[in-house]
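Undergrad: Take this structure first; my questions come after.
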Amino acid sequence: MKILHLYYDIMNLYGEYANVSALKRIFEKSGIDTQVDKLSLSDTAVLSDYDIIYIGSGTERNQKLVLEDMRKYKAELVKCIDEGKVILMTGNSFEILGKSITDCEGKLYEGLGIFVFETVEQNKTRITADAILKTDLSDKKLVGFINKCSSITKVDTPLFAVKMGIGNSENDKTEGIRKNHLYGTHLTGPILIKNPYFLEYIASIAAGNGVKLSTDHLTHERAGYEITLSELTKRMEQQK
Amino acid sequence: MKRFFTILVCKLLRFVGGIVGKGSSLPGKIALRLCPDILSRVELPKYIIAVTGSNGKTSTVEMIAHILTENGKTVAWNKEGSNQIEGVTTLVLGSSTMGGRVKSDILLIESDERFARYTFKYIKPTHYVITNLYRDQLTRNGHPDWVFDALKDSIYPETQLILNADDPLVSLFGYGRDNVTWFGADELSSDTKELVSVYNDGAYCPHCKAPMKYTTHHYNHIGHYECTSCGYKRQDTRYTVTSVDLDKGEAVIDGKYKITLALKSLYNIYNILAAYTAASIVGIDQEKIAADMSDYVMKNGRVITFNIGDRPGTLLTSKHENSISYDQSIRLACADKRGCDVMFIVDAVSRKYFTSDVSWLWDIDFEMLGSENVHEIILAGKYCNDLAVRFSYTDIPGEKIRMIEDISEAYEHLKSDRKEYIYVITCFSDKGKFISLL
């Protein structure tokens with residue numbers, strides 16, 4: 001198993017590196033040799049060499065640097081998505097895949113254009129929320145935290161339904177993007193640690209059909225997940 | 001008349017609030033409603049010293065107040081720690097005459113980073129100390145760059161900035177500016193050549209975003225840095241920690257003033273240095289400052305010593321959602337050669353707002369607890385499972401770690417015949433749950 005952690009240093013704002021640690025561990029516990037490559041701005045990666053590609057969240061400024069750097073990968077990335085490679089992009093990293101990003105001063109950055117959605121940032125209020133998100137990929141809802149300053153419109157293939165938290169834009173009850181096995185969400189931090197069932201899903205797609213993954217090591221992860229889900233559910237009921 | 005009335009109401013409310021033990025922000029809040037520009041209608045003293053930053057502002061402000069008071073100055077300061085505009089309004093009106101003149105020689109204001117731009121719209125600091133900018137309460141603050149941008153709006157051209165030269169992001173406030181006083185530390189015996197931290201917020205230049213190089217790290221990304229491209233670098237300092245001996249608990253400032261430390265951490269030393277710098281600028285004799293800071297024990301209750309049966313211990317109030325604050329506390333425990341047990345409590349992430357986010361645990365360098373000085377690690381509170389997962393990603397052997405969710409049970413566990421010194425590391429939001437058991 002080969003995992004690429006791209007922009008590991010500049011897009012790692014909320015402990016996102018742990019998503020890669022969680023993937024590495026579940027494969028190793030399942031007896032699968034796993035290699036993690038950490039690459040960043042000054043490197044050139046061969047995307048097709050990897051089974052999983054991961055990018056985390058960064059500051060608005062760093063995201064723009066990454067957008068520029070990612071242009072060199074555009075054709076390769078499109079091919080990877082079409083071929084169904086597992087690509088996970090969390091926080092504001094997935095915004096670069098859209099048509100454009102407009103920053104808080106109104107400056108427009110052309111996106112990679114793989115999707116038609118548009119992102120607009122502002123600098124007045126940080127948009128943050130605890131979140132419960134529902135998906136048809138797994139029986140279990142996802143829990144986590146959203147931390148952003150942008151609004152995304154024209155998403156035609158969202159990833160989640162929002163039970164608690166914030167959607168792609170203010171009145172949108174859907175969150176994230178997906179296409180084949182590319183998954184983008186504004187959930188920040190170690191979402192694969194916090195959501196052991198989603199980890200299982202992502203890992204099993206990458207491992208391929210018929211590979212049985214070992215999940216016995218996820219005891220504390222599952223207990224932690226249940227506690228957070230129950231805390232968030234309680235909170236959501238109170239707010240109603 | 002409006003001013004007189006507003007001041008009167010604020011003073012009365014503050015007086016009543018003091019009796020019933022209510023917070024210090026309500027009187028200011030009401031005063032601002034009665035007269036929104038009340039802060040611009042009062043006559044302020046010659047020195048208005050503001051202090052902000054992610055960590056150490058409350059301690060630094062307390063130290064400055066202590067030094068100035070010891071040296072015969074009168075100081076109005078926000079002792080209660082209410083550091084948003086309402087709390088500052090309570091402070092200013094509470095310290096002024098009915099005619100609207102602040103009676104003290106010095107107005108000393110601790111300010112929240114994100115709200116400084118509102119507070120200082122009316123009260124422009126003459127001197128502005130910025131201690132550091134770290135990943136702190138990111139569920140509210142977004143990230144350090146976001147806070148930087150918010151803070152930038154609170155800084156005026158005529159204000160004398162007092163900046164931590166060792167923090168690359170804080171130093172950017174002084175870029176291209178003349179009226180800056182820099183404080184910082186020379187290369188210290190406790191420094192490391194390589195970064196010791198889970199993440200690196202000093203990897204790229206805050207000015208041009210090219211990679212940065214460090215010649216020394218004091219802790220985390222605090223140290224001596226230089227950009228490999230644009231030449232942005234650490235500035236030479238006017239007020240300097242020239243050497244430290246953390247084992248002995250001593251620091252030397254400006255090569256001649258030795259200070260014995262009540263708390264043997266670099267954190268504490270930076271707070272002392274910031275206070276030393278501010279007090280020096282006000283004109284206090286430096287030898288006296290050093291004497292006032294020697295063995296100074298903070299009164300803000302963040303470090304509490306206790307006994308559980310025969311076992312002595314210290315509670316180190318750290319901040320949840322602030323990895324560097326945890327790293328500092330952990331470093332202090334790990335340096336204890338007597339041998340110690342360390343308990344972590346994560347039960348409520350914040351006392352001020354709700355969140356269930358524990359991403360910040362992944363930014364804390366728990367690996368340090370592999371030190372032979374640390375014998376047992378106890379994980380307590382509602383989020384102990386998340387702590388246990390985090391520890392499972394360190395090299396610390398599982399036998400050393402014990403998870404006890406219930407805080408009372410964890411306390412009972414400490415009541416053993418073990419000889420180790422106890423460190424309890426937790427936040428404001430959870431420390432009361434432990435203290436009430438003592």
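Chain labels run A, B, ... following the order of the structure tokens; each chain numbers its residues from 1, and ligands are numbered from 1 in the order shown.
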Distance cut-off 6 Å, counting only C-alpha atoms - which residues of chain B neighbour chain A? Return them as a list in words.
TA: Ser359, Trp362, Asp363, Asn385 and Asp386 of chain B
Undergrad: Run DSSP on the backbone and grab whatever in stretch 32-172 of chain A lands in alpha helix (DSSP H); send it over as a list in words.
TA: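 After running DSSP on the backbone, stretch 32-172 of chain A has alpha helix (DSSP H) at Glu60, Arg61, Asn62, Gln63, Lys64, Leu65, Val66, Leu67, Glu68, Asp69, Met70, Lys74, Ala75, Glu76, Leu77, Val78, Lys79, Cys80, Ile81 and Asp82 of chain A.
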Undergrad: Residues at most 6 Å from A:Leu4, counting only C-alpha atoms, excluding those fewer than 3 positions away in the same chain, as JSON, numbers by chain?
TA: {"A": [36, 37, 53]}
Undergrad: What's around B:Val170 at 7 Å? Count only C-alpha atoms, leave out sequence neighbours fewer than 3 positions away in its own chain, and write the answer as an mmCIF file with C-alpha atoms, in the first residue's frame.
TA:
```cif
data_model
loop_
_atom_site.group_PDB
_atom_site.id
_atom_site.type_symbol
_atom_site.label_atom_id
_atom_site.label_comp_id
_atom_site.auth_asym_id
_atom_site.auth_seq_id
_atom_site.Cartn_x
_atom_site.Cartn_y
_atom_site.Cartn_z
ATOM 1 C CA ILE B 130 2.682 41.162 21.979
ATOM 2 C CA ASN B 132 3.423 35.268 20.972
ATOM 3 C CA LEU B 133 0.973 33.868 18.430
ATOM 4 C CA LEU B 163 7.555 42.492 20.427
ATOM 5 C CA ASN B 164 8.898 39.020 21.033
ATOM 6 C CA ASP B 167 8.376 34.518 17.410
ATOM 7 C CA PHE B 173 4.052 43.317 13.184
#
```
Undergrad: Taking the DSSP assignment computed from this structure's backbone, write out as a PDB file with N, CA and C atoms, in the first residue's frame all residues of stretch 51-162 of chain A that belong to strand (DSSP E).
TA:
```pdb
ATOM      1  N   ILE A  52      -3.438   5.770  -2.275  1.00  0.00           N
ATOM      2  CA  ILE A  52      -4.253   6.772  -1.578  1.00  0.00           C
ATOM      3  C   ILE A  52      -3.498   8.106  -1.610  1.00  0.00           C
ATOM      4  N   ILE A  53      -4.231   9.179  -1.883  1.00  0.00           N
ATOM      5  CA  ILE A  53      -3.637  10.520  -1.808  1.00  0.00           C
ATOM      6  C   ILE A  53      -4.430  11.305  -0.771  1.00  0.00           C
ATOM      7  N   TYR A  54      -3.719  11.959   0.126  1.00  0.00           N
ATOM      8  CA  TYR A  54      -4.397  12.749   1.159  1.00  0.00           C
ATOM      9  C   TYR A  54      -3.839  14.176   1.209  1.00  0.00           C
ATOM     10  N   ILE A  55      -4.726  15.162   1.344  1.00  0.00           N
ATOM     11  CA  ILE A  55      -4.321  16.559   1.594  1.00  0.00           C
ATOM     12  C   ILE A  55      -5.210  17.127   2.708  1.00  0.00           C
ATOM     13  N   VAL A  86      -8.406   6.387  -4.600  1.00  0.00           N
ATOM     14  CA  VAL A  86      -8.900   6.970  -3.351  1.00  0.00           C
ATOM     15  C   VAL A  86      -8.140   8.271  -3.068  1.00  0.00           C
ATOM     16  N   ILE A  87      -8.873   9.361  -3.061  1.00  0.00           N
ATOM     17  CA  ILE A  87      -8.277  10.671  -2.782  1.00  0.00           C
ATOM     18  C   ILE A  87      -9.138  11.326  -1.708  1.00  0.00           C
ATOM     19  N   LEU A  88      -8.519  11.690  -0.612  1.00  0.00           N
ATOM     20  CA  LEU A  88      -9.252  12.336   0.476  1.00  0.00           C
ATOM     21  C   LEU A  88      -8.677  13.733   0.675  1.00  0.00           C
ATOM     22  N   MET A  89      -9.548  14.734   0.613  1.00  0.00           N
ATOM     23  CA  MET A  89      -9.103  16.121   0.807  1.00  0.00           C
ATOM     24  C   MET A  89      -9.990  16.732   1.885  1.00  0.00           C
ATOM     25  N   THR A  90      -9.367  17.162   2.992  1.00  0.00           N
ATOM     26  CA  THR A  90     -10.164  17.693   4.100  1.00  0.00           C
ATOM     27  C   THR A  90      -9.868  19.176   4.310  1.00  0.00           C
ATOM     28  N   SER A 100     -13.310  28.408  -9.177  1.00  0.00           N
ATOM     29  CA  SER A 100     -12.569  29.585  -8.716  1.00  0.00           C
ATOM     30  C   SER A 100     -12.654  29.744  -7.202  1.00  0.00           C
ATOM     31  N   ILE A 101     -11.676  30.513  -6.679  1.00  0.00           N
ATOM     32  CA  ILE A 101     -11.732  30.935  -5.277  1.00  0.00           C
ATOM     33  C   ILE A 101     -11.580  32.458  -5.273  1.00  0.00           C
ATOM     34  N   THR A 102     -12.512  33.132  -4.632  1.00  0.00           N
ATOM     35  CA  THR A 102     -12.405  34.587  -4.502  1.00  0.00           C
ATOM     36  C   THR A 102     -12.013  34.887  -3.068  1.00  0.00           C
ATOM     37  N   LEU A 108      -9.808  37.171  -7.531  1.00  0.00           N
ATOM     38  CA  LEU A 108     -10.276  35.880  -8.022  1.00  0.00           C
ATOM     39  C   LEU A 108      -9.105  34.992  -8.458  1.00  0.00           C
ATOM     40  N   TYR A 109      -9.071  33.783  -7.889  1.00  0.00           N
ATOM     41  CA  TYR A 109      -8.070  32.798  -8.289  1.00  0.00           C
ATOM     42  C   TYR A 109      -8.776  31.717  -9.097  1.00  0.00           C
ATOM     43  N   GLU A 110      -8.265  31.487 -10.276  1.00  0.00           N
ATOM     44  CA  GLU A 110      -8.850  30.426 -11.090  1.00  0.00           C
ATOM     45  C   GLU A 110      -8.513  29.084 -10.463  1.00  0.00           C
ATOM     46  N   GLU A 118     -17.968  27.034  -6.961  1.00  0.00           N
ATOM     47  CA  GLU A 118     -17.217  28.275  -6.764  1.00  0.00           C
ATOM     48  C   GLU A 118     -17.106  28.573  -5.276  1.00  0.00           C
ATOM     49  N   THR A 119     -15.957  29.076  -4.858  1.00  0.00           N
ATOM     50  CA  THR A 119     -15.698  29.365  -3.447  1.00  0.00           C
ATOM     51  C   THR A 119     -15.478  30.863  -3.258  1.00  0.00           C
ATOM     52  N   VAL A 120     -16.122  31.421  -2.229  1.00  0.00           N
ATOM     53  CA  VAL A 120     -15.914  32.831  -1.896  1.00  0.00           C
ATOM     54  C   VAL A 120     -15.530  32.930  -0.421  1.00  0.00           C
ATOM     55  N   GLU A 121     -14.389  33.577  -0.140  1.00  0.00           N
ATOM     56  CA  GLU A 121     -13.932  33.740   1.243  1.00  0.00           C
ATOM     57  C   GLU A 121     -14.299  35.118   1.773  1.00  0.00           C
ATOM     58  N   ILE A 127     -16.128  30.820  10.433  1.00  0.00           N
ATOM     59  CA  ILE A 127     -17.315  29.960  10.425  1.00  0.00           C
ATOM     60  C   ILE A 127     -16.922  28.614  11.024  1.00  0.00           C
ATOM     61  N   THR A 128     -17.378  28.357  12.241  1.00  0.00           N
ATOM     62  CA  THR A 128     -16.968  27.121  12.906  1.00  0.00           C
ATOM     63  C   THR A 128     -18.180  26.423  13.502  1.00  0.00           C
ATOM     64  N   ALA A 129     -18.111  25.105  13.556  1.00  0.00           N
ATOM     65  CA  ALA A 129     -19.209  24.358  14.178  1.00  0.00           C
ATOM     66  C   ALA A 129     -18.839  22.902  14.392  1.00  0.00           C
ATOM     67  N   ASP A 130     -19.333  22.363  15.499  1.00  0.00           N
ATOM     68  CA  ASP A 130     -19.303  20.915  15.662  1.00  0.00           C
ATOM     69  C   ASP A 130     -20.292  20.352  14.651  1.00  0.00           C
ATOM     70  N   ALA A 131     -20.010  19.144  14.183  1.00  0.00           N
ATOM     71  CA  ALA A 131     -20.834  18.637  13.091  1.00  0.00           C
ATOM     72  C   ALA A 131     -21.196  17.167  13.249  1.00  0.00           C
ATOM     73  N   ILE A 132     -22.412  16.858  12.809  1.00  0.00           N
ATOM     74  CA  ILE A 132     -22.815  15.465  12.589  1.00  0.00           C
ATOM     75  C   ILE A 132     -23.252  15.381  11.124  1.00  0.00           C
ATOM     76  N   LEU A 133     -22.603  14.520  10.376  1.00  0.00           N
ATOM     77  CA  LEU A 133     -22.873  14.423   8.942  1.00  0.00           C
ATOM     78  C   LEU A 133     -23.281  12.997   8.583  1.00  0.00           C
ATOM     79  N   LYS A 134     -24.244  12.907   7.690  1.00  0.00           N
ATOM     80  CA  LYS A 134     -24.772  11.596   7.311  1.00  0.00           C
ATOM     81  C   LYS A 134     -24.328  11.276   5.884  1.00  0.00           C
ATOM     82  N   LEU A 142     -20.911  10.663  10.534  1.00  0.00           N
ATOM     83  CA  LEU A 142     -19.590  11.185  10.886  1.00  0.00           C
ATOM     84  C   LEU A 142     -19.728  12.294  11.918  1.00  0.00           C
ATOM     85  N   VAL A 143     -18.745  12.394  12.821  1.00  0.00           N
ATOM     86  CA  VAL A 143     -18.706  13.509  13.767  1.00  0.00           C
ATOM     87  C   VAL A 143     -17.423  14.289  13.517  1.00  0.00           C
ATOM     88  N   GLY A 144     -17.424  15.542  13.914  1.00  0.00           N
ATOM     89  CA  GLY A 144     -16.198  16.311  13.735  1.00  0.00           C
ATOM     90  C   GLY A 144     -16.423  17.793  13.885  1.00  0.00           C
ATOM     91  N   PHE A 145     -15.494  18.559  13.316  1.00  0.00           N
ATOM     92  CA  PHE A 145     -15.533  19.999  13.479  1.00  0.00           C
ATOM     93  C   PHE A 145     -15.245  20.682  12.144  1.00  0.00           C
ATOM     94  N   ILE A 146     -16.024  21.712  11.861  1.00  0.00           N
ATOM     95  CA  ILE A 146     -15.823  22.490  10.632  1.00  0.00           C
ATOM     96  C   ILE A 146     -15.255  23.853  11.016  1.00  0.00           C
ATOM     97  N   ASN A 147     -14.220  24.291  10.280  1.00  0.00           N
ATOM     98  CA  ASN A 147     -13.507  25.508  10.636  1.00  0.00           C
ATOM     99  C   ASN A 147     -13.092  26.186   9.339  1.00  0.00           C
ATOM    100  N   LYS A 148     -13.837  27.189   8.905  1.00  0.00           N
ATOM    101  CA  LYS A 148     -13.565  27.781   7.590  1.00  0.00           C
ATOM    102  C   LYS A 148     -13.992  29.239   7.537  1.00  0.00           C
ATOM    103  N   SER A 150     -15.215  30.323   4.258  1.00  0.00           N
ATOM    104  CA  SER A 150     -15.672  30.390   2.873  1.00  0.00           C
ATOM    105  C   SER A 150     -17.083  29.858   2.711  1.00  0.00           C
ATOM    106  N   SER A 151     -17.625  30.170   1.557  1.00  0.00           N
ATOM    107  CA  SER A 151     -18.932  29.673   1.183  1.00  0.00           C
ATOM    108  C   SER A 151     -18.781  29.066  -0.210  1.00  0.00           C
ATOM    109  N   ILE A 152     -19.318  27.866  -0.375  1.00  0.00           N
ATOM    110  CA  ILE A 152     -19.148  27.163  -1.652  1.00  0.00           C
ATOM    111  C   ILE A 152     -20.518  26.950  -2.284  1.00  0.00           C
ATOM    112  N   THR A 153     -20.657  27.374  -3.525  1.00  0.00           N
ATOM    113  CA  THR A 153     -21.939  27.198  -4.215  1.00  0.00           C
ATOM    114  C   THR A 153     -21.752  26.383  -5.492  1.00  0.00           C
ATOM    115  N   PHE A 160     -22.007  14.747   1.958  1.00  0.00           N
ATOM    116  CA  PHE A 160     -22.756  14.497   3.191  1.00  0.00           C
ATOM    117  C   PHE A 160     -24.065  15.277   3.241  1.00  0.00           C
ATOM    118  N   ALA A 161     -24.990  14.773   4.073  1.00  0.00           N
ATOM    119  CA  ALA A 161     -26.155  15.548   4.475  1.00  0.00           C
ATOM    120  C   ALA A 161     -25.859  16.071   5.880  1.00  0.00           C
ATOM    121  N   VAL A 162     -26.126  17.358   6.120  1.00  0.00           N
ATOM    122  CA  VAL A 162     -25.787  17.973   7.399  1.00  0.00           C
ATOM    123  C   VAL A 162     -26.915  17.768   8.411  1.00  0.00           C
TER     124      VAL A 162
END
```
Undergrad: Rounded to one decimal in Å, what is the spacing between atom CA of B:Leu379 and atom CA of A:Phe27?
TA: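 Atom CA of A:Phe27 lies at a distance of 27.3 Å from atom CA of B:Leu379.
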Undergrad: Within 9 Å of stretch 268-289 of chain B, which residues of stretch 149-199 of chain B come that close, and what is the closest atom pair and distance in Å for each? Count only C-alpha atoms and give it as a Markdown table.
TA:
```
| residue | atom | partner | partner_atom | distance |
| --- | --- | --- | --- | --- |
| B:Ile162 | CA | B:Ala278 | CA | 7.7 |
| B:Leu163 | CA | B:Ala274 | CA | 8.5 |
| B:Asn164 | CA | B:Ala274 | CA | 8.0 |
| B:Thr181 | CA | B:Thr277 | CA | 8.5 |
| B:Trp182 | CA | B:Thr277 | CA | 8.7 |
| B:Phe183 | CA | B:Ala274 | CA | 7.0 |
| B:Gly184 | CA | B:Tyr270 | CA | 7.6 |
| B:Ala185 | CA | B:Tyr270 | CA | 8.3 |
```
Undergrad: One decimal, in Å: what's the spacing between atom CA of A:Gln122 and atom CA of B:Trp146?
TA: 11.1 Å
Undergrad: If you count only C-alpha atoms, which residues fall within 8 Å of stretch 67-69 of chain A, apart from same-chain ones fewer than 6 positions away, as a PyMOL selection string?
TA: chain A and resi 41+96+111-112
